[in-house]
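**Student:** Just one file: run-v7.pdb, with PDB, C-alpha atoms and all ligand atoms.
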```pdb
ATOM      1  CA  MET A   1      17.939  16.291  -0.738
ATOM      2  CA  THR A   2      14.775  16.731   1.358
ATOM      3  CA  TRP A   3      12.078  14.074   1.310
ATOM      4  CA  TYR A   4       8.478  15.184   1.670
ATOM      5  CA  LEU A   5       6.028  12.860   3.395
ATOM      6  CA  LEU A   6       2.410  12.672   2.288
ATOM      7  CA  GLY A   7       0.514  10.730   4.941
ATOM      8  CA  ALA A   8       2.143  10.844   8.385
ATOM      9  CA  GLY A   9       0.163   7.820   9.641
ATOM     10  CA  ASN A  10       1.744   4.767  11.200
ATOM     11  CA  ILE A  11       3.657   3.444   8.190
ATOM     12  CA  GLY A  12       4.530   6.983   7.073
ATOM     13  CA  THR A  13       6.012   7.732  10.484
ATOM     14  CA  LEU A  14       7.974   4.483  10.417
ATOM     15  CA  VAL A  15       9.426   5.321   6.983
ATOM     16  CA  ALA A  16      10.259   8.834   8.215
ATOM     17  CA  SER A  17      12.177   7.294  11.129
ATOM     18  CA  TYR A  18      14.270   5.212   8.679
ATOM     19  CA  LEU A  19      14.929   8.298   6.539
ATOM     20  CA  ALA A  20      16.038  10.185   9.666
ATOM     21  CA  ARG A  21      18.404   7.329  10.573
ATOM     22  CA  ALA A  22      19.786   7.381   7.041
ATOM     23  CA  GLY A  23      20.519  11.098   7.448
ATOM     24  CA  GLN A  24      17.999  12.046   4.742
ATOM     25  CA  PRO A  25      15.936  15.056   5.922
ATOM     26  CA  VAL A  26      12.178  14.589   5.828
ATOM     27  CA  ARG A  27       9.304  17.011   6.269
ATOM     28  CA  ARG A  28       5.540  16.685   6.052
ATOM     29  CA  VAL A  29       3.800  18.072   3.037
ATOM     30  CA  GLY A  30       0.426  19.746   2.663
ATOM     31  CA  ARG A  31      -0.362  20.193   6.361
ATOM     32  CA  GLY A  32       1.049  23.644   7.059
ATOM     33  CA  PRO A  33       4.379  24.728   8.544
ATOM     34  CA  ALA A  34       3.934  23.320  12.075
ATOM     35  CA  PRO A  35       6.315  20.465  12.971
ATOM     36  CA  LEU A  36       4.984  17.153  14.239
ATOM     37  CA  GLN A  37       6.507  15.292  17.196
ATOM     38  CA  ARG A  38       6.354  11.520  17.352
ATOM     39  CA  ASN A  39       7.897   9.030  19.731
ATOM     40  CA  LEU A  40       8.404   5.592  18.207
ATOM     41  CA  LEU A  41       8.598   2.594  20.540
ATOM     42  CA  TRP A  42       9.851  -0.832  19.521
ATOM     43  CA  PRO A  43       8.831  -4.118  21.191
ATOM     44  CA  ASP A  44      12.377  -4.549  22.590
ATOM     45  CA  GLY A  45      12.159  -1.224  24.439
ATOM     46  CA  ARG A  46      14.127   0.922  21.984
ATOM     47  CA  HIS A  47      12.644   4.297  21.194
ATOM     48  CA  GLN A  48      13.285   7.138  18.778
ATOM     49  CA  ALA A  49      12.073  10.703  19.187
ATOM     50  CA  LEU A  50      11.218  12.051  15.760
ATOM     51  CA  THR A  51      10.499  15.634  14.786
ATOM     52  CA  LEU A  52       8.892  15.904  11.410
ATOM     53  CA  ALA A  53       9.449  19.409  10.077
ATOM     54  CA  GLY A  54       6.376  21.146   8.638
ATOM     55  CA  ASP A  55       5.830  22.062   5.010
ATOM     56  CA  ASP A  56       8.056  24.814   3.582
ATOM     57  CA  GLY A  57       6.249  25.009   0.228
ATOM     58  CA  GLY A  58       9.444  23.995  -1.619
ATOM     59  CA  LEU A  59       9.991  22.089  -4.858
ATOM     60  CA  ILE A  60       9.343  18.389  -4.312
ATOM     61  CA  GLN A  61      12.095  16.157  -5.644
ATOM     62  CA  ARG A  62      11.602  13.259  -3.226
ATOM     63  CA  LEU A  63       8.141  12.206  -2.077
ATOM     64  CA  VAL A  64       6.954   9.356   0.144
ATOM     65  CA  ILE A  65       3.274   8.544  -0.359
ATOM     66  CA  THR A  66       1.733   6.630   2.527
ATOM     67  CA  THR A  67      -1.792   8.017   2.416
ATOM     68  CA  LYS A  68      -4.570   5.508   1.921
ATOM     69  CA  ALA A  69      -5.100   4.826  -1.774
ATOM     70  CA  GLN A  70      -8.589   6.375  -1.706
ATOM     71  CA  ASP A  71      -7.286   9.660  -0.240
ATOM     72  CA  THR A  72      -4.246  10.019  -2.473
ATOM     73  CA  ALA A  73      -5.541  11.832  -5.555
ATOM     74  CA  ASP A  74      -7.242  14.552  -3.479
ATOM     75  CA  ALA A  75      -4.180  14.978  -1.272
ATOM     76  CA  LEU A  76      -1.672  15.052  -4.128
ATOM     77  CA  ARG A  77      -3.594  17.181  -6.672
ATOM     78  CA  PRO A  78      -2.855  20.550  -4.982
ATOM     79  CA  LEU A  79       0.830  19.597  -4.746
ATOM     80  CA  LEU A  80       1.308  18.782  -8.439
ATOM     81  CA  PRO A  81       2.681  22.265  -9.336
ATOM     82  CA  ARG A  82       5.462  21.677  -6.782
ATOM     83  CA  LEU A  83       6.435  18.247  -8.111
ATOM     84  CA  ALA A  84       9.729  18.425 -10.042
ATOM     85  CA  ASN A  85      10.198  16.720 -13.394
ATOM     86  CA  GLY A  86      12.083  13.498 -12.744
ATOM     87  CA  ALA A  87      11.130  13.490  -9.034
ATOM     88  CA  LEU A  88      11.555  10.281  -7.043
ATOM     89  CA  LEU A  89       8.300   8.908  -5.603
ATOM     90  CA  LEU A  90       8.114   6.135  -3.041
ATOM     91  CA  ARG A  91       4.558   4.790  -2.804
ATOM     92  CA  LEU A  92       3.655   2.432   0.041
ATOM     93  CA  GLN A  93      -0.045   1.704   0.220
ATOM     94  CA  ASN A  94      -2.589  -1.054  -0.313
ATOM     95  CA  GLY A  95      -4.057  -1.245  -3.786
ATOM     96  CA  LEU A  96      -3.017  -0.094  -7.245
ATOM     97  CA  GLY A  97      -3.800   2.838  -9.508
ATOM     98  CA  SER A  98      -4.098   5.616  -6.910
ATOM     99  CA  LEU A  99      -2.032   7.989  -9.082
ATOM    100  CA  ASP A 100      -3.522   6.988 -12.433
ATOM    101  CA  ALA A 101      -5.993   9.877 -12.703
ATOM    102  CA  LEU A 102      -3.400  12.575 -11.947
ATOM    103  CA  PRO A 103      -1.482  14.582 -14.571
ATOM    104  CA  LEU A 104       1.956  13.771 -13.150
ATOM    105  CA  PRO A 105       5.069  15.546 -14.455
ATOM    106  CA  GLU A 106       7.464  13.943 -16.914
ATOM    107  CA  GLY A 107      10.038  11.338 -16.078
ATOM    108  CA  LEU A 108       9.058  10.458 -12.513
ATOM    109  CA  GLN A 109      10.883   7.557 -10.923
ATOM    110  CA  GLN A 110       8.110   5.726  -9.144
ATOM    111  CA  VAL A 111       9.376   3.256  -6.579
ATOM    112  CA  GLU A 112       6.606   0.946  -5.398
ATOM    113  CA  GLY A 113       6.694  -0.582  -1.938
ATOM    114  CA  LEU A 114       4.966  -3.500  -0.262
ATOM    115  CA  THR A 115       5.200  -4.012   3.458
ATOM    116  CA  THR A 116       3.619  -6.159   6.114
ATOM    117  CA  SER A 117       5.211  -4.144   8.921
ATOM    118  CA  GLY A 118       2.726  -2.846  11.437
ATOM    119  CA  ALA A 119       2.420  -0.052  13.974
ATOM    120  CA  TRP A 120      -0.350   1.639  15.911
ATOM    121  CA  ARG A 121      -0.574   5.088  17.383
ATOM    122  CA  ASP A 122      -1.792   6.500  20.650
ATOM    123  CA  GLY A 123      -1.444  10.283  20.507
ATOM    124  CA  ALA A 124       2.198  11.092  19.789
ATOM    125  CA  GLN A 125       3.349   7.539  20.622
ATOM    126  CA  VAL A 126       3.791   5.149  17.722
ATOM    127  CA  GLN A 127       4.115   1.567  18.889
ATOM    128  CA  VAL A 128       5.937  -0.513  16.289
ATOM    129  CA  VAL A 129       4.374  -3.979  16.370
ATOM    130  CA  ALA A 130       6.477  -5.763  13.771
ATOM    131  CA  GLU A 131       9.109  -4.936  11.201
ATOM    132  CA  ASN A 132       8.542  -7.573   8.558
ATOM    133  CA  ASP A 133       9.661  -7.916   4.962
ATOM    134  CA  THR A 134       9.392  -4.807   2.840
ATOM    135  CA  LEU A 135       9.878  -5.024  -0.912
ATOM    136  CA  LEU A 136      10.796  -1.942  -2.916
ATOM    137  CA  GLY A 137      11.134  -1.846  -6.675
ATOM    138  CA  LEU A 138      10.521   0.014  -9.901
ATOM    139  CA  ALA A 139       7.685  -1.265 -12.092
ATOM    140  CA  GLN A 140      10.142  -1.687 -14.994
ATOM    141  CA  GLY A 141      12.082  -4.172 -12.841
ATOM    142  CA  ASP A 142      15.352  -2.207 -12.723
ATOM    143  CA  PRO A 143      18.070  -4.330 -11.134
ATOM    144  CA  GLU A 144      19.523  -1.437  -9.111
ATOM    145  CA  PRO A 145      17.703   1.023  -6.841
ATOM    146  CA  PRO A 146      17.998   4.793  -7.298
ATOM    147  CA  ALA A 147      20.883   6.170  -5.175
ATOM    148  CA  ASP A 148      18.687   7.639  -2.404
ATOM    149  CA  ILE A 149      16.842   4.329  -2.018
ATOM    150  CA  ALA A 150      20.135   2.395  -1.965
ATOM    151  CA  ALA A 151      21.316   4.710   0.841
ATOM    152  CA  LEU A 152      18.059   4.148   2.745
ATOM    153  CA  LEU A 153      17.867   0.337   2.541
ATOM    154  CA  PRO A 154      20.542  -0.425   5.212
ATOM    155  CA  HIS A 155      18.548   1.651   7.726
ATOM    156  CA  TRP A 156      15.235  -0.064   7.010
ATOM    157  CA  PRO A 157      14.959  -3.441   8.792
ATOM    158  CA  GLY A 158      13.541  -6.158   6.537
ATOM    159  CA  ALA A 159      13.655  -4.031   3.384
ATOM    160  CA  ARG A 160      15.161  -5.262   0.153
ATOM    161  CA  TRP A 161      15.265  -4.207  -3.460
ATOM    162  CA  CYS A 162      13.003  -6.309  -5.644
ATOM    163  CA  THR A 163      13.217  -6.718  -9.421
ATOM    164  CA  ASP A 164       9.706  -8.155  -9.849
ATOM    165  CA  ILE A 165       7.702  -5.749  -7.720
ATOM    166  CA  ARG A 166       4.797  -5.766 -10.176
ATOM    167  CA  ARG A 167       4.342  -9.521  -9.815
ATOM    168  CA  GLN A 168       4.555  -9.148  -6.007
ATOM    169  CA  GLN A 169       1.961  -6.363  -6.068
ATOM    170  CA  TRP A 170      -0.380  -8.464  -8.181
ATOM    171  CA  LEU A 171       0.027 -11.407  -5.822
ATOM    172  CA  LYS A 172      -0.849  -9.197  -2.845
ATOM    173  CA  LEU A 173      -3.677  -7.449  -4.656
ATOM    174  CA  SER A 174      -5.277 -10.750  -5.650
ATOM    175  CA  VAL A 175      -5.327 -11.849  -1.999
ATOM    176  CA  ASN A 176      -6.644  -8.484  -0.792
ATOM    177  CA  ALA A 177      -9.365  -8.611  -3.471
ATOM    178  CA  VAL A 178     -10.682 -11.780  -1.834
ATOM    179  CA  ILE A 179     -10.172 -11.222   1.910
ATOM    180  CA  ASN A 180     -10.889  -7.516   2.243
ATOM    181  CA  PRO A 181     -14.361  -7.155   0.710
ATOM    182  CA  ILE A 182     -15.685 -10.408   2.201
ATOM    183  CA  THR A 183     -14.532  -9.508   5.713
ATOM    184  CA  ALA A 184     -15.802  -5.930   5.295
ATOM    185  CA  LEU A 185     -19.239  -6.960   4.052
ATOM    186  CA  ASN A 186     -19.688  -9.715   6.625
ATOM    187  CA  ASP A 187     -18.033  -7.716   9.432
ATOM    188  CA  CYS A 188     -15.913 -10.718  10.338
ATOM    189  CA  PRO A 189     -12.243 -11.389  11.155
ATOM    190  CA  ASN A 190      -9.983 -12.723   8.392
ATOM    191  CA  GLY A 191     -10.137 -16.262   9.781
ATOM    192  CA  ALA A 192     -13.908 -16.452   9.268
ATOM    193  CA  LEU A 193     -13.176 -17.001   5.572
ATOM    194  CA  CYS A 194     -11.786 -20.444   6.319
ATOM    195  CA  ASP A 195     -14.701 -22.115   8.082
ATOM    196  CA  ASP A 196     -17.923 -20.888   6.480
ATOM    197  CA  PRO A 197     -19.112 -22.565   3.247
ATOM    198  CA  ALA A 198     -20.949 -19.458   1.966
ATOM    199  CA  ARG A 199     -17.896 -17.250   2.451
ATOM    200  CA  GLN A 200     -15.685 -19.895   0.872
ATOM    201  CA  GLN A 201     -17.939 -19.907  -2.165
ATOM    202  CA  GLN A 202     -17.693 -16.109  -2.407
ATOM    203  CA  ALA A 203     -13.928 -16.352  -2.007
ATOM    204  CA  ARG A 204     -13.704 -19.010  -4.720
ATOM    205  CA  ALA A 205     -15.656 -16.870  -7.194
ATOM    206  CA  LEU A 206     -13.504 -13.774  -6.525
ATOM    207  CA  ALA A 207     -10.292 -15.784  -6.688
ATOM    208  CA  ASP A 208     -11.186 -17.547  -9.939
ATOM    209  CA  GLU A 209     -12.106 -14.276 -11.637
ATOM    210  CA  ALA A 210      -8.878 -12.662 -10.445
ATOM    211  CA  ASP A 211      -6.868 -15.614 -11.795
ATOM    212  CA  ALA A 212      -8.641 -15.433 -15.168
ATOM    213  CA  LEU A 213      -7.731 -11.751 -15.453
ATOM    214  CA  PHE A 214      -4.135 -12.123 -14.291
ATOM    215  CA  HIS A 215      -3.618 -15.031 -16.719
ATOM    216  CA  ARG A 216      -4.594 -12.646 -19.518
ATOM    217  CA  LEU A 217      -2.236  -9.944 -18.184
ATOM    218  CA  ASP A 218       0.611 -12.366 -17.578
ATOM    219  CA  PRO A 219       0.730 -15.828 -19.174
ATOM    220  CA  ASP A 220       3.129 -16.916 -16.408
ATOM    221  CA  TRP A 221       0.688 -16.002 -13.631
ATOM    222  CA  PRO A 222       0.964 -18.759 -10.975
ATOM    223  CA  GLY A 223      -2.797 -18.911 -10.251
ATOM    224  CA  ASP A 224      -4.202 -20.428  -7.042
ATOM    225  CA  THR A 225      -5.378 -17.108  -5.642
ATOM    226  CA  TYR A 226      -7.928 -19.089  -3.629
ATOM    227  CA  GLY A 227      -5.242 -21.187  -1.917
ATOM    228  CA  ARG A 228      -3.076 -18.142  -1.226
ATOM    229  CA  ALA A 229      -6.011 -16.091   0.119
ATOM    230  CA  LEU A 230      -7.059 -18.886   2.453
ATOM    231  CA  ALA A 231      -3.476 -19.325   3.684
ATOM    232  CA  VAL A 232      -3.239 -15.580   4.469
ATOM    233  CA  ALA A 233      -6.688 -15.616   6.107
ATOM    234  CA  ARG A 234      -5.584 -18.533   8.285
ATOM    235  CA  ALA A 235      -2.247 -16.894   9.179
ATOM    236  CA  THR A 236      -4.004 -13.628  10.116
ATOM    237  CA  ALA A 237      -7.150 -15.293  11.476
ATOM    238  CA  ALA A 238      -7.788 -12.916  14.373
ATOM    239  CA  ASN A 239      -6.954  -9.741  12.398
ATOM    240  CA  MET A 240      -9.367  -7.146  11.203
ATOM    241  CA  SER A 241      -8.757  -6.401   7.526
ATOM    242  CA  SER A 242      -8.085  -2.786   6.629
ATOM    243  CA  MET A 243     -11.312  -2.640   4.603
ATOM    244  CA  ARG A 244     -13.417  -3.940   7.480
ATOM    245  CA  ALA A 245     -11.779  -1.342   9.735
ATOM    246  CA  ASP A 246     -12.666   1.426   7.257
ATOM    247  CA  VAL A 247     -16.298   0.301   7.023
ATOM    248  CA  ARG A 248     -16.567   0.123  10.808
ATOM    249  CA  ALA A 249     -15.117   3.643  11.070
ATOM    250  CA  GLY A 250     -17.656   4.896   8.505
ATOM    251  CA  GLN A 251     -14.863   5.772   6.057
ATOM    252  CA  ARG A 252     -14.302   5.296   2.340
ATOM    253  CA  THR A 253     -12.610   1.980   1.578
ATOM    254  CA  GLU A 254      -9.793   0.945  -0.776
ATOM    255  CA  ILE A 255     -12.270  -0.975  -2.937
ATOM    256  CA  ALA A 256     -11.716   1.218  -6.025
ATOM    257  CA  TYR A 257      -7.983   0.474  -5.915
ATOM    258  CA  ILE A 258      -8.279  -3.253  -5.209
ATOM    259  CA  ASN A 259     -11.349  -4.863  -6.829
ATOM    260  CA  GLY A 260     -11.986  -1.673  -8.820
ATOM    261  CA  TRP A 261      -8.470  -1.852 -10.284
ATOM    262  CA  LEU A 262      -9.211  -5.409 -11.437
ATOM    263  CA  LEU A 263     -12.446  -4.226 -13.072
ATOM    264  CA  ARG A 264     -10.657  -1.429 -14.944
ATOM    265  CA  GLN A 265      -8.131  -3.911 -16.327
ATOM    266  CA  ALA A 266     -10.921  -6.354 -17.206
ATOM    267  CA  ASP A 267     -12.922  -3.646 -19.021
ATOM    268  CA  GLN A 268      -9.928  -2.920 -21.229
ATOM    269  CA  LEU A 269      -9.701  -6.593 -22.148
ATOM    270  CA  GLY A 270     -13.448  -6.990 -22.670
ATOM    271  CA  MET A 271     -13.748  -9.359 -19.720
ATOM    272  CA  SER A 272     -16.494  -9.242 -17.123
ATOM    273  CA  LEU A 273     -15.796  -9.980 -13.472
ATOM    274  CA  PRO A 274     -19.291 -10.141 -11.961
ATOM    275  CA  ALA A 275     -18.216 -11.173  -8.454
ATOM    276  CA  HIS A 276     -15.797  -8.232  -8.217
ATOM    277  CA  ARG A 277     -18.382  -5.864  -9.698
ATOM    278  CA  LEU A 278     -20.801  -6.832  -6.917
ATOM    279  CA  MET A 279     -18.180  -6.032  -4.293
ATOM    280  CA  VAL A 280     -17.352  -2.675  -5.860
ATOM    281  CA  ALA A 281     -21.036  -1.779  -5.902
ATOM    282  CA  ALA A 282     -21.554  -2.884  -2.295
ATOM    283  CA  LEU A 283     -18.730  -1.080  -0.519
ATOM    284  CA  PRO A 284     -18.177   2.668  -0.001
ATOM    285  CA  ALA A 285     -15.472   4.040  -2.327
TER     286      ALA A 285
HETATM  287  O1  LIG A 301      -5.463  -5.259   3.966
HETATM  288  C1  LIG A 301      -5.271  -6.015   4.928
HETATM  289  O2  LIG A 301      -5.892  -5.936   5.976
HETATM  290  C2  LIG A 301      -4.178  -7.066   4.825
HETATM  291  O3  LIG A 301      -3.463  -6.857   3.654
HETATM  292  C3  LIG A 301      -4.662  -8.522   4.886
HETATM  293  C4  LIG A 301      -3.699  -9.444   4.231
HETATM  294  C5  LIG A 301      -6.032  -8.701   4.282
HETATM  295  C6  LIG A 301      -4.657  -8.993   6.326
HETATM  296  O4  LIG A 301      -5.481  -8.293   7.188
END
```
Please go through the file and, once you have read it, give me the structure as structure tokens.
**Tutor:**
Amino acid sequence: MTWYLLGAGNIGTLVASYLARAGQPVRRVGRGPAPLQRNLLWPDGRHQALTLAGDDGGLIQRLVITTKAQDTADALRPLLPRLANGALLLRLQNGLGSLDALPLPEGLQQVEGLTTSGAWRDGAQVQVVAENDTLLGLAQGDPEPPADIAALLPHWPGARWCTDIRRQQWLKLSVNAVINPITALNDCPNGALCDDPARQQQARALADEADALFHRLDPDWPGDTYGRALAVARATAANMSSMRADVRAGQRTEIAYINGWLLRQADQLGMSLPAHRLMVAALPA
């Protein structure tokens, strides 16, 4: 069964290379029939030449979504008539809710992924920087992966099936909702959150509001978003957050799918999250 790939960026190319290794054919979707050549290089010198076939306009029964959250609805909308009922979706992107506004067909199996693997691209060369843990799971917490995902996992270094993906996504989102907007607005590296009292105060306000919301959504929420955000900021001190990179490049940011997602949940519960609302208003969506 052919997989279609929406978003042949760095992570998309990496996933396509694992699909190719697993013997599952993959082609790009929505970018015309021309194939795309990529050469992946690993830090230990291994390399893999990858030819991504172009779009054939066929029925989509397997779809990897690795576009940025803010680009997803526009990219996927024209493809909806080709999406089969019961299709398998694998979504790997920062943020939540990127598919919420779309009239998706019935019975989709939506596998959600979280990864901290990294790669960068120079022309056709994709340099894999790190293959870290990748969690894949269904929001319902199914104990077993769908067959095509089970067949893919052994070919995907660091990947494992996860039965509490929603909790893991919320944990990541809460950290992103603190680090990303502060670093984007202040044009600073992640580590700058740890040593500046004004930024710490901002971080505390965002973290406390996120915890209040997640406690309402899940009484077992572990809290301490502030502590976790600071630990991630410290561990990635020199890094540029994805949101800061988008602002610097003059692009739309993921704000609507990170802090904006929190606001949408809060609105439904009649809660106000003023610190997050400020961030949503301040950053380009
Ligand atoms: O979005 C990002 O950039 C990353 O998730 C994180 C954790 C903020 C580190 O840069």
**Student:** Check the smallest atom-to-atom distance from each of A:Gly118, A:Pro219, A:Pro81, A:Pro145 to ligand LIG 301 (chain A) using all atoms listed in the file, then report the winner.
**Tutor:**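 Smallest separation from ligand LIG 301 (chain A) among the options: A:Gly118.
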**Student:** Once the PyMOL selection byres (((chain A and resi 54-62) around 12) and not hetatm) is applied to the coordinates I shared, what remains selected? I want it as a PyMOL selection string.
**Tutor:** chain A and resi 1-6+8+19+24-37+51-53+63-65+76+78-91+105+107-111+146-149
**Student:** Pick out the closest residue to ligand LIG 301 (chain A) from this set: A:Ala139, A:Ala281, A:Leu102, A:Ala69. Count only C-alpha atoms and all ligand atoms.
**Tutor:** A:Ala69
**Student:** Report as a ChimeraX atom specification which protein, DNA and RNA residues come within 8 Å of ligand LIG 301 (chain A), using all atoms listed in the file.
**Tutor:** /A:94,116,172,175-176,179-180,190,232-233,236,239-244
**Student:** Selection from above, C-alpha atoms, as a PDB file, in the coordinates of the input, can you write it?
**Tutor:**
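As written to disk, result07.pdb reads:
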```pdb
ATOM      1  CA  ASN A  94      -2.589  -1.054  -0.313  1.00  0.00           C
ATOM      2  CA  THR A 116       3.619  -6.159   6.114  1.00  0.00           C
ATOM      3  CA  LYS A 172      -0.849  -9.197  -2.845  1.00  0.00           C
ATOM      4  CA  VAL A 175      -5.327 -11.849  -1.999  1.00  0.00           C
ATOM      5  CA  ASN A 176      -6.644  -8.484  -0.792  1.00  0.00           C
ATOM      6  CA  ILE A 179     -10.172 -11.222   1.910  1.00  0.00           C
ATOM      7  CA  ASN A 180     -10.889  -7.516   2.243  1.00  0.00           C
ATOM      8  CA  ASN A 190      -9.983 -12.723   8.392  1.00  0.00           C
ATOM      9  CA  VAL A 232      -3.239 -15.580   4.469  1.00  0.00           C
ATOM     10  CA  ALA A 233      -6.688 -15.616   6.107  1.00  0.00           C
ATOM     11  CA  THR A 236      -4.004 -13.628  10.116  1.00  0.00           C
ATOM     12  CA  ASN A 239      -6.954  -9.741  12.398  1.00  0.00           C
ATOM     13  CA  MET A 240      -9.367  -7.146  11.203  1.00  0.00           C
ATOM     14  CA  SER A 241      -8.757  -6.401   7.526  1.00  0.00           C
ATOM     15  CA  SER A 242      -8.085  -2.786   6.629  1.00  0.00           C
ATOM     16  CA  MET A 243     -11.312  -2.640   4.603  1.00  0.00           C
ATOM     17  CA  ARG A 244     -13.417  -3.940   7.480  1.00  0.00           C
TER      18      ARG A 244
END
```
**Student:** In Å to one decimal, how far is CA of Ile182 in chain A from CA of Gln201 in chain A?
**Tutor:**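 Computing the Euclidean distance for CA of Gln201 in chain A and CA of Ile182 in chain A yields 10.7 Å.
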**Student:** Against range 257-277 of chain A, which residues of range 172-210 of chain A fall within 7 Å? For each one I want the closest pair of atoms and the distance in Å (one decimal), counting all atoms listed in the file, rows by chain and increasing residue number, as JSON lines.
**Tutor:**
```
{"residue": "A:Leu173", "atom": "CA", "partner": "A:Ile258", "partner_atom": "CA", "distance": 6.3}
{"residue": "A:Ala177", "atom": "CA", "partner": "A:Asn259", "partner_atom": "CA", "distance": 5.4}
{"residue": "A:Ala205", "atom": "CA", "partner": "A:Ala275", "partner_atom": "CA", "distance": 6.4}
{"residue": "A:Leu206", "atom": "CA", "partner": "A:Ala275", "partner_atom": "CA", "distance": 5.7}
{"residue": "A:Glu209", "atom": "CA", "partner": "A:Leu273", "partner_atom": "CA", "distance": 6.0}
```
**Student:** Hey, what comes out of the PyMOL selection byres (((chain A and resi 221) around 12) and not hetatm) on this file? Could you write it as JSON, numbers by chain?
**Tutor:** {"A": [166, 167, 168, 170, 171, 174, 210, 211, 212, 213, 214, 215, 216, 217, 218, 219, 220, 222, 223, 224, 225]}
**Student:** Just want the 12 Å neighbourhood of Gly123 in chain A, counted on all atoms listed in the file, with same-chain residues fewer than 6 positions away dropped. Output as a list in words.
**Tutor:**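 After dropping sequence-adjacent residues, the list is Gly9, Asn10, Leu36, Gln37, Arg38, Asn39 and Leu40 of chain A.
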**Student:** Between CA of Asp74 in chain A and CA of Ala119 in chain A, what distance in Å does the model show, to one decimal?
**Tutor:**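 Taking CA of Asp74 in chain A and CA of Ala119 in chain A, their separation equals 24.7 Å.
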**Student:** Edge lengths and centre in Å to one decimal, as lines of an AutoDock Vina configuration file, is what I'm after for the box along x, y and z that holds all listed atoms of range 135-142 of chain A once 6 Å is added on each side.
**Tutor:**
```
center_x = 11.5
center_y = -2.5
center_z = -8.0
size_x = 19.7
size_y = 17.0
size_z = 26.1
```
**Student:** Which distance in Å separates CA of Val178 in chain A and CA of Ile255 in chain A, to one decimal?
**Tutor:**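 Rounded to one decimal, the two atoms are 11.0 Å apart.
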**Student:** On this structure, which residues satisfy the PyMOL selection byres (((chain A and resi 194) around 9) and not hetatm), written as a PyMOL selection string?
**Tutor:** chain A and resi 190-193+195-197+199-200+230-231+233-234+237
**Student:** Mind writing the picked residues with C-alpha atoms as a PDB file, in the frame of the given file?
**Tutor:**
```
ATOM      1  CA  ASN A 190      -9.983 -12.723   8.392  1.00  0.00           C
ATOM      2  CA  GLY A 191     -10.137 -16.262   9.781  1.00  0.00           C
ATOM      3  CA  ALA A 192     -13.908 -16.452   9.268  1.00  0.00           C
ATOM      4  CA  LEU A 193     -13.176 -17.001   5.572  1.00  0.00           C
ATOM      5  CA  ASP A 195     -14.701 -22.115   8.082  1.00  0.00           C
ATOM      6  CA  ASP A 196     -17.923 -20.888   6.480  1.00  0.00           C
ATOM      7  CA  PRO A 197     -19.112 -22.565   3.247  1.00  0.00           C
ATOM      8  CA  ARG A 199     -17.896 -17.250   2.451  1.00  0.00           C
ATOM      9  CA  GLN A 200     -15.685 -19.895   0.872  1.00  0.00           C
ATOM     10  CA  LEU A 230      -7.059 -18.886   2.453  1.00  0.00           C
ATOM     11  CA  ALA A 231      -3.476 -19.325   3.684  1.00  0.00           C
ATOM     12  CA  ALA A 233      -6.688 -15.616   6.107  1.00  0.00           C
ATOM     13  CA  ARG A 234      -5.584 -18.533   8.285  1.00  0.00           C
ATOM     14  CA  ALA A 237      -7.150 -15.293  11.476  1.00  0.00           C
TER      15      ALA A 237
END
```
**Student:** For Lys68 in chain A, which residue out of A:Pro43, A:Gly95, A:Pro103, A:Pro143 is the nearest one, using only C-alpha atoms?
**Tutor:**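 That would be A:Gly95, the residue with the smallest distance to Lys68 in chain A.
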**Student:** Using all atoms listed in the file, which of the listed residues (A:Gly7, A:Gly250, A:Pro189, A:Pro157) sits closest to Thr66 in chain A?
**Tutor:**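 With all atoms listed in the file as the atom set, the closest residue is A:Gly7.
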